[in-house]
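Source file: start_37.cif (mmCIF, C-alpha atoms and all ligand atoms)
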```
data_structure
#
loop_
_atom_site.group_PDB
_atom_site.id
_atom_site.type_symbol
_atom_site.label_atom_id
_atom_site.label_comp_id
_atom_site.auth_asym_id
_atom_site.auth_seq_id
_atom_site.Cartn_x
_atom_site.Cartn_y
_atom_site.Cartn_z
ATOM 1 C CA MET T 1 -34.217 -14.909 -34.980
ATOM 2 C CA GLN T 2 -37.651 -13.416 -34.314
ATOM 3 C CA ILE T 3 -39.780 -14.367 -37.334
ATOM 4 C CA GLU T 4 -42.480 -11.782 -38.094
ATOM 5 C CA ASN T 5 -43.019 -11.585 -41.835
ATOM 6 C CA ILE T 6 -43.186 -15.189 -42.953
ATOM 7 C CA GLN T 7 -44.934 -18.363 -41.874
ATOM 8 C CA PHE T 8 -43.471 -21.785 -42.446
ATOM 9 C CA LYS T 9 -44.583 -25.293 -41.725
ATOM 10 C CA GLN T 10 -43.353 -28.731 -42.671
ATOM 11 C CA GLU T 11 -45.743 -31.451 -43.800
ATOM 12 C CA GLY T 12 -44.044 -34.689 -44.742
ATOM 13 C CA ALA T 13 -41.166 -33.892 -47.071
ATOM 14 C CA ILE T 14 -42.526 -30.491 -48.081
ATOM 15 C CA MET T 15 -41.768 -27.167 -46.404
ATOM 16 C CA TYR T 16 -44.442 -24.538 -47.025
ATOM 17 C CA ILE T 17 -43.281 -20.946 -46.771
ATOM 18 C CA THR T 18 -45.761 -18.058 -46.879
ATOM 19 C CA ILE T 19 -44.598 -14.475 -47.148
ATOM 20 C CA ASP T 20 -46.968 -12.685 -44.827
ATOM 21 C CA ARG T 21 -47.125 -8.904 -45.093
ATOM 22 C CA GLU T 22 -50.543 -8.930 -46.646
ATOM 23 C CA LYS T 23 -51.380 -5.246 -46.046
ATOM 24 C CA GLN T 24 -48.253 -4.284 -47.991
ATOM 25 C CA LEU T 25 -48.997 -6.908 -50.663
ATOM 26 C CA ASN T 26 -46.165 -9.030 -49.229
ATOM 27 C CA ALA T 27 -43.504 -6.539 -50.375
ATOM 28 C CA LEU T 28 -39.994 -7.744 -49.588
ATOM 29 C CA ASN T 29 -38.274 -5.588 -47.008
ATOM 30 C CA LYS T 30 -34.848 -6.357 -45.609
ATOM 31 C CA LYS T 31 -36.193 -8.244 -42.596
ATOM 32 C CA THR T 32 -38.345 -10.510 -44.772
ATOM 33 C CA ILE T 33 -35.316 -11.352 -46.917
ATOM 34 C CA LEU T 34 -33.327 -12.204 -43.776
ATOM 35 C CA GLU T 35 -36.168 -14.371 -42.487
ATOM 36 C CA LEU T 36 -36.452 -16.227 -45.788
ATOM 37 C CA ASN T 37 -32.698 -16.775 -45.793
ATOM 38 C CA HIS T 38 -32.924 -18.136 -42.254
ATOM 39 C CA VAL T 39 -35.576 -20.710 -43.234
ATOM 40 C CA LEU T 40 -33.709 -21.666 -46.408
ATOM 41 C CA CYS T 41 -30.606 -22.359 -44.314
ATOM 42 C CA LEU T 42 -32.637 -24.461 -41.852
ATOM 43 C CA CYS T 43 -34.197 -26.518 -44.669
ATOM 44 C CA GLU T 44 -30.870 -27.028 -46.390
ATOM 45 C CA SER T 45 -29.474 -28.986 -43.468
ATOM 46 C CA ASP T 46 -32.613 -31.105 -42.964
ATOM 47 C CA ASP T 47 -32.589 -34.200 -45.181
ATOM 48 C CA ASP T 48 -36.259 -34.882 -44.430
ATOM 49 C CA ILE T 49 -37.249 -31.765 -46.369
ATOM 50 C CA ARG T 50 -37.120 -32.506 -50.080
ATOM 51 C CA VAL T 51 -39.098 -29.684 -51.755
ATOM 52 C CA LEU T 52 -40.055 -26.143 -50.720
ATOM 53 C CA ILE T 53 -43.225 -24.367 -51.816
ATOM 54 C CA ILE T 54 -43.263 -20.604 -51.500
ATOM 55 C CA THR T 55 -46.353 -18.422 -51.776
ATOM 56 C CA GLY T 56 -47.809 -15.122 -50.589
ATOM 57 C CA ALA T 57 -50.419 -14.510 -47.891
ATOM 58 C CA GLY T 58 -53.944 -13.643 -49.021
ATOM 59 C CA SER T 59 -55.509 -13.911 -52.440
ATOM 60 C CA LYS T 60 -54.261 -10.667 -53.985
ATOM 61 C CA ALA T 61 -50.482 -10.842 -54.131
ATOM 62 C CA PHE T 62 -47.614 -13.281 -54.289
ATOM 63 C CA VAL T 63 -45.134 -10.436 -53.745
ATOM 64 C CA ALA T 64 -45.630 -6.896 -55.133
ATOM 65 C CA GLY T 65 -41.891 -6.236 -55.258
ATOM 66 C CA ALA T 66 -39.095 -4.942 -53.131
ATOM 67 C CA ASP T 67 -40.375 -2.622 -50.404
ATOM 68 C CA ILE T 68 -40.411 0.771 -52.135
ATOM 69 C CA LYS T 69 -41.088 2.613 -48.863
ATOM 70 C CA GLU T 70 -37.939 1.123 -47.357
ATOM 71 C CA PHE T 71 -35.614 2.181 -50.192
ATOM 72 C CA ALA T 72 -37.278 5.494 -51.130
ATOM 73 C CA ASN T 73 -34.480 7.618 -49.626
ATOM 74 C CA PHE T 74 -31.543 5.329 -50.321
ATOM 75 C CA SER T 75 -28.302 6.671 -51.774
ATOM 76 C CA LYS T 76 -26.447 5.009 -54.675
ATOM 77 C CA ARG T 77 -24.314 3.082 -52.198
ATOM 78 C CA GLU T 78 -27.348 1.888 -50.232
ATOM 79 C CA GLY T 79 -29.146 0.944 -53.460
ATOM 80 C CA THR T 80 -26.164 -1.124 -54.594
ATOM 81 C CA GLU T 81 -25.992 -2.817 -51.195
ATOM 82 C CA LEU T 82 -29.730 -3.532 -51.238
ATOM 83 C CA SER T 83 -29.367 -5.371 -54.525
ATOM 84 C CA ARG T 84 -26.183 -7.230 -53.523
ATOM 85 C CA PHE T 85 -27.718 -8.243 -50.194
ATOM 86 C CA GLY T 86 -30.886 -9.560 -51.885
ATOM 87 C CA HIS T 87 -28.947 -11.470 -54.524
ATOM 88 C CA GLU T 88 -26.695 -13.159 -51.997
ATOM 89 C CA LEU T 89 -29.172 -13.937 -49.239
ATOM 90 C CA LEU T 90 -32.208 -14.874 -51.251
ATOM 91 C CA PHE T 91 -32.314 -14.786 -55.035
ATOM 92 C CA ASP T 92 -29.019 -16.505 -55.886
ATOM 93 C CA LYS T 93 -29.510 -18.780 -52.913
ATOM 94 C CA ILE T 94 -32.827 -20.030 -54.308
ATOM 95 C CA ALA T 95 -31.565 -20.233 -57.900
ATOM 96 C CA THR T 96 -28.656 -22.438 -56.824
ATOM 97 C CA TYR T 97 -30.443 -24.184 -53.958
ATOM 98 C CA THR T 98 -29.800 -27.823 -53.160
ATOM 99 C CA LYS T 99 -33.528 -28.653 -53.214
ATOM 100 C CA PRO T 100 -36.228 -27.578 -55.664
ATOM 101 C CA VAL T 101 -38.256 -24.530 -54.726
ATOM 102 C CA ILE T 102 -41.700 -24.205 -56.323
ATOM 103 C CA ALA T 103 -43.296 -20.755 -56.539
ATOM 104 C CA ALA T 104 -47.070 -20.843 -56.105
ATOM 105 C CA ILE T 105 -47.898 -17.433 -57.593
ATOM 106 C CA ASN T 106 -51.235 -16.499 -56.069
ATOM 107 C CA GLY T 107 -51.648 -12.920 -57.361
ATOM 108 C CA TYR T 108 -49.413 -9.961 -58.228
ATOM 109 C CA ALA T 109 -45.794 -10.979 -58.842
ATOM 110 C CA LEU T 110 -44.155 -7.664 -59.638
ATOM 111 C CA GLY T 111 -40.582 -6.424 -59.608
ATOM 112 C CA GLY T 112 -38.722 -8.288 -56.866
ATOM 113 C CA GLY T 113 -41.793 -10.545 -56.560
ATOM 114 C CA LEU T 114 -41.505 -11.762 -60.120
ATOM 115 C CA GLU T 115 -37.750 -12.010 -59.607
ATOM 116 C CA LEU T 116 -38.354 -14.258 -56.608
ATOM 117 C CA ALA T 117 -40.533 -16.528 -58.755
ATOM 118 C CA LEU T 118 -37.962 -16.440 -61.565
ATOM 119 C CA ALA T 119 -35.247 -17.596 -59.163
ATOM 120 C CA THR T 120 -37.235 -20.708 -58.172
ATOM 121 C CA GLN T 121 -36.955 -23.935 -60.125
ATOM 122 C CA ILE T 122 -40.676 -24.247 -61.033
ATOM 123 C CA ARG T 123 -43.470 -21.680 -61.217
ATOM 124 C CA ILE T 124 -47.180 -22.387 -60.962
ATOM 125 C CA ALA T 125 -49.569 -19.442 -61.228
ATOM 126 C CA SER T 126 -53.201 -18.977 -60.296
ATOM 127 C CA ASP T 127 -55.411 -17.646 -63.064
ATOM 128 C CA ASN T 128 -55.758 -14.222 -61.355
ATOM 129 C CA ALA T 129 -51.969 -13.709 -61.186
ATOM 130 C CA LYS T 130 -50.418 -10.687 -62.855
ATOM 131 C CA MET T 131 -46.728 -10.475 -63.543
ATOM 132 C CA GLY T 132 -44.338 -7.737 -64.569
ATOM 133 C CA GLN T 133 -41.136 -5.799 -64.008
ATOM 134 C CA PRO T 134 -42.468 -2.257 -63.388
ATOM 135 C CA GLU T 135 -39.161 -0.897 -62.057
ATOM 136 C CA VAL T 136 -38.583 1.569 -64.925
ATOM 137 C CA SER T 137 -41.748 3.397 -63.836
ATOM 138 C CA LEU T 138 -39.975 4.028 -60.508
ATOM 139 C CA GLY T 139 -36.728 5.196 -62.125
ATOM 140 C CA VAL T 140 -34.810 1.986 -61.382
ATOM 141 C CA ILE T 141 -34.145 -1.319 -63.119
ATOM 142 C CA PRO T 142 -34.906 -4.843 -61.904
ATOM 143 C CA GLY T 143 -32.325 -5.416 -59.175
ATOM 144 C CA TYR T 144 -32.938 -8.951 -57.962
ATOM 145 C CA GLY T 145 -31.934 -10.889 -61.071
ATOM 146 C CA GLY T 146 -34.799 -10.016 -63.423
ATOM 147 C CA THR T 147 -32.642 -8.649 -66.240
ATOM 148 C CA GLN T 148 -30.896 -12.020 -66.407
ATOM 149 C CA ARG T 149 -33.445 -14.644 -65.358
ATOM 150 C CA LEU T 150 -36.368 -13.209 -67.299
ATOM 151 C CA THR T 151 -34.181 -13.057 -70.412
ATOM 152 C CA GLN T 152 -33.086 -16.667 -69.876
ATOM 153 C CA LEU T 153 -36.707 -17.822 -69.648
ATOM 154 C CA VAL T 154 -38.476 -15.813 -72.347
ATOM 155 C CA GLY T 155 -35.636 -14.678 -74.634
ATOM 156 C CA LYS T 156 -34.121 -11.256 -75.216
ATOM 157 C CA GLY T 157 -36.927 -9.801 -77.351
ATOM 158 C CA LYS T 158 -39.770 -10.362 -74.890
ATOM 159 C CA ALA T 159 -37.585 -9.578 -71.860
ATOM 160 C CA MET T 160 -36.736 -6.221 -73.455
ATOM 161 C CA GLU T 161 -40.426 -5.539 -74.074
ATOM 162 C CA LEU T 162 -41.502 -6.487 -70.548
ATOM 163 C CA ILE T 163 -38.707 -4.603 -68.787
ATOM 164 C CA LEU T 164 -38.758 -1.465 -70.980
ATOM 165 C CA THR T 165 -42.543 -1.040 -70.980
ATOM 166 C CA GLY T 166 -42.879 -2.117 -67.343
ATOM 167 C CA GLU T 167 -46.317 -3.521 -68.259
ATOM 168 C CA MET T 168 -48.028 -6.369 -66.436
ATOM 169 C CA ILE T 169 -49.124 -9.516 -68.202
ATOM 170 C CA SER T 170 -51.748 -12.077 -67.265
ATOM 171 C CA ALA T 171 -51.005 -15.599 -66.066
ATOM 172 C CA LYS T 172 -52.224 -16.913 -69.429
ATOM 173 C CA GLU T 173 -49.771 -14.671 -71.324
ATOM 174 C CA ALA T 174 -46.983 -15.713 -68.937
ATOM 175 C CA LEU T 175 -47.769 -19.361 -69.683
ATOM 176 C CA ALA T 176 -47.580 -18.750 -73.430
ATOM 177 C CA LEU T 177 -44.146 -17.130 -72.934
ATOM 178 C CA GLY T 178 -42.830 -20.011 -70.817
ATOM 179 C CA MET T 179 -42.520 -17.743 -67.772
ATOM 180 C CA VAL T 180 -44.658 -20.138 -65.720
ATOM 181 C CA ASN T 181 -45.035 -23.903 -65.992
ATOM 182 C CA TYR T 182 -48.782 -24.114 -65.284
ATOM 183 C CA VAL T 183 -51.798 -21.895 -64.687
ATOM 184 C CA VAL T 184 -54.637 -23.214 -62.532
ATOM 185 C CA PRO T 185 -57.719 -21.764 -60.801
ATOM 186 C CA GLN T 186 -56.704 -20.051 -57.567
ATOM 187 C CA GLU T 187 -58.372 -22.710 -55.379
ATOM 188 C CA ASP T 188 -56.230 -25.404 -57.067
ATOM 189 C CA LEU T 189 -52.912 -23.605 -56.771
ATOM 190 C CA LEU T 190 -51.502 -25.455 -53.768
ATOM 191 C CA ILE T 191 -52.948 -28.755 -54.996
ATOM 192 C CA LYS T 192 -51.016 -28.386 -58.259
ATOM 193 C CA ALA T 193 -47.844 -27.325 -56.420
ATOM 194 C CA ILE T 194 -48.103 -30.332 -54.103
ATOM 195 C CA GLU T 195 -48.711 -32.659 -57.055
ATOM 196 C CA MET T 196 -45.530 -31.326 -58.676
ATOM 197 C CA ALA T 197 -43.592 -31.616 -55.404
ATOM 198 C CA ASN T 198 -44.695 -35.230 -54.966
ATOM 199 C CA LYS T 199 -43.509 -36.132 -58.464
ATOM 200 C CA ILE T 200 -40.073 -34.742 -57.580
ATOM 201 C CA ILE T 201 -39.972 -36.350 -54.139
ATOM 202 C CA LYS T 202 -40.226 -39.808 -55.736
ATOM 203 C CA ASN T 203 -36.838 -39.245 -57.364
ATOM 204 C CA SER T 204 -33.280 -39.450 -56.070
ATOM 205 C CA PRO T 205 -32.597 -36.284 -54.009
ATOM 206 C CA ARG T 206 -28.962 -36.448 -55.012
ATOM 207 C CA ALA T 207 -29.794 -36.656 -58.722
ATOM 208 C CA VAL T 208 -32.357 -33.846 -58.345
ATOM 209 C CA ARG T 209 -29.691 -31.683 -56.693
ATOM 210 C CA LYS T 210 -27.112 -32.445 -59.371
ATOM 211 C CA SER T 211 -29.674 -31.714 -62.111
ATOM 212 C CA ILE T 212 -30.237 -28.222 -60.708
ATOM 213 C CA GLN T 213 -26.466 -27.692 -60.617
ATOM 214 C CA ALA T 214 -26.026 -28.928 -64.196
ATOM 215 C CA ILE T 215 -28.863 -26.789 -65.588
ATOM 216 C CA ASN T 216 -27.474 -23.729 -63.791
ATOM 217 C CA ALA T 217 -23.978 -24.352 -65.142
ATOM 218 C CA THR T 218 -24.970 -22.667 -68.419
ATOM 219 C CA TYR T 219 -25.460 -19.313 -66.727
ATOM 220 C CA GLY T 220 -22.611 -17.191 -65.393
ATOM 221 C CA ASN T 221 -22.885 -14.322 -62.922
ATOM 222 C CA ILE T 222 -21.343 -11.499 -64.976
ATOM 223 C CA GLY T 223 -24.783 -10.220 -65.917
ATOM 224 C CA LEU T 224 -25.968 -10.380 -62.311
ATOM 225 C CA LEU T 225 -22.972 -8.344 -61.134
ATOM 226 C CA LYS T 226 -23.633 -5.771 -63.855
ATOM 227 C CA GLU T 227 -27.283 -5.609 -62.787
ATOM 228 C CA ILE T 228 -26.285 -4.830 -59.170
ATOM 229 C CA GLU T 229 -24.031 -1.997 -60.339
ATOM 230 C CA LEU T 230 -26.611 -0.500 -62.724
ATOM 231 C CA PHE T 231 -29.468 -0.856 -60.212
ATOM 232 C CA GLY T 232 -27.437 1.067 -57.621
ATOM 233 C CA SER T 233 -26.498 3.739 -60.139
ATOM 234 C CA CYS T 234 -30.187 4.680 -60.552
ATOM 235 C CA PHE T 235 -30.597 5.697 -56.911
ATOM 236 C CA GLY T 236 -30.596 9.347 -55.930
ATOM 237 C CA SER T 237 -31.240 10.635 -59.481
ATOM 238 C CA GLU T 238 -34.041 13.140 -60.176
ATOM 239 C CA GLU T 239 -35.890 10.438 -62.159
ATOM 240 C CA PHE T 240 -35.631 8.015 -59.237
ATOM 241 C CA LYS T 241 -36.994 10.677 -56.864
ATOM 242 C CA GLU T 242 -39.885 11.396 -59.231
ATOM 243 C CA GLY T 243 -40.696 7.703 -59.813
ATOM 244 C CA VAL T 244 -40.686 6.780 -56.134
ATOM 245 C CA SER T 245 -42.525 9.960 -55.033
ATOM 246 C CA ALA T 246 -45.208 9.257 -57.641
ATOM 247 C CA PHE T 247 -45.727 5.756 -56.228
ATOM 248 C CA LEU T 248 -45.904 7.021 -52.655
ATOM 249 C CA GLU T 249 -48.290 9.824 -53.640
ATOM 250 C CA LYS T 250 -50.409 7.353 -55.652
ATOM 251 C CA ARG T 251 -50.039 9.268 -58.932
ATOM 252 C CA LYS T 252 -48.444 8.678 -62.322
ATOM 253 C CA PRO T 253 -44.782 9.738 -62.650
ATOM 254 C CA ASN T 254 -43.856 12.608 -64.922
ATOM 255 C CA PHE T 255 -40.457 11.832 -66.474
HETATM 256 N N1 LIG Z 301 -43.472 -1.702 -51.692
HETATM 257 C C1 LIG Z 301 -44.047 -1.144 -50.639
HETATM 258 N N2 LIG Z 301 -45.374 -1.074 -50.467
HETATM 259 C C2 LIG Z 301 -46.146 -1.615 -51.429
HETATM 260 C C3 LIG Z 301 -45.596 -2.233 -52.580
HETATM 261 C C4 LIG Z 301 -44.188 -2.268 -52.686
HETATM 262 N N3 LIG Z 301 -43.569 -2.855 -53.713
HETATM 263 N N4 LIG Z 301 -46.620 -2.642 -53.361
HETATM 264 C C5 LIG Z 301 -47.756 -2.316 -52.716
HETATM 265 N N5 LIG Z 301 -47.467 -1.701 -51.554
HETATM 266 C C6 LIG Z 301 -48.407 -1.183 -50.550
HETATM 267 C C7 LIG Z 301 -49.084 0.107 -51.032
HETATM 268 O O1 LIG Z 301 -48.234 1.219 -50.831
HETATM 269 C C8 LIG Z 301 -50.308 0.115 -50.171
HETATM 270 O O2 LIG Z 301 -49.925 0.528 -48.880
HETATM 271 P P1 LIG Z 301 -50.781 1.671 -48.086
HETATM 272 O O3 LIG Z 301 -52.094 0.995 -47.793
HETATM 273 O O4 LIG Z 301 -49.938 1.908 -46.876
HETATM 274 O O5 LIG Z 301 -50.933 2.835 -49.015
HETATM 275 C C9 LIG Z 301 -50.671 -1.363 -50.056
HETATM 276 O O6 LIG Z 301 -49.486 -2.088 -50.377
HETATM 277 C C10 LIG Z 301 -51.754 -1.774 -51.045
HETATM 278 O O7 LIG Z 301 -51.310 -1.393 -52.339
HETATM 279 P P2 LIG Z 301 -52.181 -0.459 -53.321
HETATM 280 O O8 LIG Z 301 -53.060 0.441 -52.546
HETATM 281 O O9 LIG Z 301 -51.241 0.179 -54.287
HETATM 282 O O10 LIG Z 301 -53.076 -1.589 -54.039
HETATM 283 P P3 LIG Z 301 -53.712 -1.525 -55.497
HETATM 284 O O11 LIG Z 301 -54.627 -2.678 -55.586
HETATM 285 O O12 LIG Z 301 -54.240 -0.171 -55.790
HETATM 286 O O13 LIG Z 301 -52.466 -1.766 -56.498
HETATM 287 C C11 LIG Z 301 -50.411 -2.827 -57.251
HETATM 288 C C12 LIG Z 301 -51.770 -2.969 -56.490
HETATM 289 C C13 LIG Z 301 -50.700 -2.586 -58.734
HETATM 290 C C14 LIG Z 301 -49.649 -4.094 -57.061
HETATM 291 C C15 LIG Z 301 -49.666 -1.598 -56.679
HETATM 292 O O14 LIG Z 301 -49.594 -1.741 -55.260
HETATM 293 C C16 LIG Z 301 -48.262 -1.449 -57.182
HETATM 294 O O15 LIG Z 301 -48.053 -0.979 -58.296
HETATM 295 N N6 LIG Z 301 -47.256 -1.804 -56.344
HETATM 296 C C17 LIG Z 301 -45.861 -1.604 -56.670
HETATM 297 C C18 LIG Z 301 -45.370 -2.597 -57.690
HETATM 298 C C19 LIG Z 301 -43.927 -2.288 -58.029
HETATM 299 O O16 LIG Z 301 -43.603 -1.239 -58.561
HETATM 300 N N7 LIG Z 301 -43.025 -3.233 -57.723
HETATM 301 C C20 LIG Z 301 -41.627 -3.088 -57.961
HETATM 302 C C21 LIG Z 301 -40.950 -2.601 -56.723
HETATM 303 S S1 LIG Z 301 -39.266 -2.120 -57.017
HETATM 304 C C22 LIG Z 301 -38.397 -3.571 -57.064
HETATM 305 O O17 LIG Z 301 -38.929 -4.658 -56.893
HETATM 306 C C23 LIG Z 301 -36.934 -3.378 -57.279
HETATM 307 C C24 LIG Z 301 -36.136 -4.606 -57.468
HETATM 308 O O18 LIG Z 301 -36.209 -5.281 -58.480
HETATM 309 C C25 LIG Z 301 -35.144 -4.955 -56.452
#
```

Give the structure from this file in structure tokens form.
Ligand code: CAA
Amino acid sequence: MQIENIQFKQEGAIMYITIDREKQLNALNKKTILELNHVLCLCESDDDIRVLIITGAGSKAFVAGADIKEFANFSKREGTELSRFGHELLFDKIATYTKPVIAAINGYALGGGLELALATQIRIASDNAKMGQPEVSLGVIPGYGGTQRLTQLVGKGKAMELILTGEMISAKEALALGMVNYVVPQEDLLIKAIEMANKIIKNSPRAVRKSIQAINATYGNIGLLKEIELFGSCFGSEEFKEGVSAFLEKRKPNF
């Protein structure tokens, strides 16, 4: 596979993955999801790799969401497929991965970007990071696991508030809610992620893997399947057209 939108390099037992579409704030298009899946599959079969650290290129964004330009004209069927494809190839894969994935959130983590961080096992944010699920302002709902994984992390009340208002919160607020494990100055972000990775690497890989499985056993996938269906059902509506057009025209939507 020709890799264009991510960079990855192994150092010791750590695989560093950088999502690299900086001009588009590292938005996740279909190709980027396929590339990430490709690297995850490679790492899975390599026993020398014990922890993955995922971050975004540049100092502004981790990932600003799914690529709105790519899905702007999607039908209901295409919207449903987009969500199902993302869940299967990336978000569920990370959530149930055989090795820990640490998100180093270096800026905006919005929509699918926050959902990517929520799917990882541990989240470390830089102090300039901003997080949110702004999908309702586009006429859709979170479609890469946010309705479920945000609720699991912060509880139903705060998840409702964050998803229904679509507002962004600061790294400090995310820490207080338990959305992220640590907040550090931006220059220390990778240092903190590596420190965490090294603590994990000292332990039994088998026991680490089984711990992830056991913790995940609490959560079923009924909610995720419902999310895919409801996400798809938003596509093609007048509100969806208004929300997405407003983003593309750099104006506020009028619902
Ligand atoms: N998709 C596609 N392009 C995006 C993008 C996204 N999610 N986020 C940013 N970009 C692009 C912008 O369109 C812009 O491109 P152009 O230069 O070609 O115009 C470029 O990145 C820089 O962005 P801005 O000019 O908007 O930068 P800013 O500093 O003014 O604002 C921001 C930054 C607040 C993050 C703003 O870009 C923004 O609101 N982005 C969208 C966030 C969002 O709504 N995410 C959810 C996406 S839907 C989703 O993720 C669905 C799901 O759950 C599956």

- Task: Check what the PyMOL selection byres (((chain T and resi 72) around 8) and not hetatm) selects in the file above and give those residues as a list in words.
- Result: Ile68, Lys69, Glu70, Phe71, Asn73, Phe74, Lys241, Val244 and Ser245 of chain T

- Message: Suppose a student applies the PyMOL selection byres (((chain T and resi 198-204) around 9) and not hetatm) to this structure; what residues should they get, written as an MDAnalysis selection string?
- Response: chainID T and resid 13:14 50:51 100 193:197 205:209

Write a file of the selected residues as a PDB file, keeping the file's coordinate frame, keeping C-alpha atoms.
```pdb
ATOM      1  CA  ALA T  13     -41.166 -33.892 -47.071  1.00  0.00           C
ATOM      2  CA  ILE T  14     -42.526 -30.491 -48.081  1.00  0.00           C
ATOM      3  CA  ARG T  50     -37.120 -32.506 -50.080  1.00  0.00           C
ATOM      4  CA  VAL T  51     -39.098 -29.684 -51.755  1.00  0.00           C
ATOM      5  CA  PRO T 100     -36.228 -27.578 -55.664  1.00  0.00           C
ATOM      6  CA  ALA T 193     -47.844 -27.325 -56.420  1.00  0.00           C
ATOM      7  CA  ILE T 194     -48.103 -30.332 -54.103  1.00  0.00           C
ATOM      8  CA  GLU T 195     -48.711 -32.659 -57.055  1.00  0.00           C
ATOM      9  CA  MET T 196     -45.530 -31.326 -58.676  1.00  0.00           C
ATOM     10  CA  ALA T 197     -43.592 -31.616 -55.404  1.00  0.00           C
ATOM     11  CA  PRO T 205     -32.597 -36.284 -54.009  1.00  0.00           C
ATOM     12  CA  ARG T 206     -28.962 -36.448 -55.012  1.00  0.00           C
ATOM     13  CA  ALA T 207     -29.794 -36.656 -58.722  1.00  0.00           C
ATOM     14  CA  VAL T 208     -32.357 -33.846 -58.345  1.00  0.00           C
ATOM     15  CA  ARG T 209     -29.691 -31.683 -56.693  1.00  0.00           C
TER      16      ARG T 209
END
```

- Query: Closest to ligand LIG 301 (chain Z) among T:Ala61, T:Ala119, T:Ile163, T:Ile222, using only C-alpha atoms and all ligand atoms?
  - Reply: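 For ligand LIG 301 (chain Z), the nearest of the candidates is T:Ala61.
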
- Query: Which residues come within 12 Å of Ile215 in chain T, counting all atoms listed in the file, excluding same-chain residues fewer than 5 positions away, as a PyMOL selection string?
  - Reply: chain T and resi 95-96+121+152+208-210+220

- Between T:Asn37, T:Thr120, T:Ser59, T:Ser137, which one has atoms that come closest to ligand LIG 301 (chain Z), using all atoms listed in the file? T:Ser137

- Message: as a PyMOL selection string, please: the residues near range 156-159 of chain T (cut-off 12 Å, all atoms listed in the file, same-chain neighbours under 3 positions excluded).
- Response: chain T and resi 132-133+142+146-153+162-167+169+173-174+176-179

Export of prior selection with C-alpha atoms as a compact mmCIF listing (two decimals), in the coordinates of the input:
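As written to disk, part34.txt reads:
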```
# COMPACT_ATOMS: atom_id res chain seq x y z
CA GLY T 132 -44.34 -7.74 -64.57
CA GLN T 133 -41.14 -5.80 -64.01
CA PRO T 142 -34.91 -4.84 -61.90
CA GLY T 146 -34.80 -10.02 -63.42
CA THR T 147 -32.64 -8.65 -66.24
CA GLN T 148 -30.90 -12.02 -66.41
CA ARG T 149 -33.44 -14.64 -65.36
CA LEU T 150 -36.37 -13.21 -67.30
CA THR T 151 -34.18 -13.06 -70.41
CA GLN T 152 -33.09 -16.67 -69.88
CA LEU T 153 -36.71 -17.82 -69.65
CA LEU T 162 -41.50 -6.49 -70.55
CA ILE T 163 -38.71 -4.60 -68.79
CA LEU T 164 -38.76 -1.46 -70.98
CA THR T 165 -42.54 -1.04 -70.98
CA GLY T 166 -42.88 -2.12 -67.34
CA GLU T 167 -46.32 -3.52 -68.26
CA ILE T 169 -49.12 -9.52 -68.20
CA GLU T 173 -49.77 -14.67 -71.32
CA ALA T 174 -46.98 -15.71 -68.94
CA ALA T 176 -47.58 -18.75 -73.43
CA LEU T 177 -44.15 -17.13 -72.93
CA GLY T 178 -42.83 -20.01 -70.82
CA MET T 179 -42.52 -17.74 -67.77
```
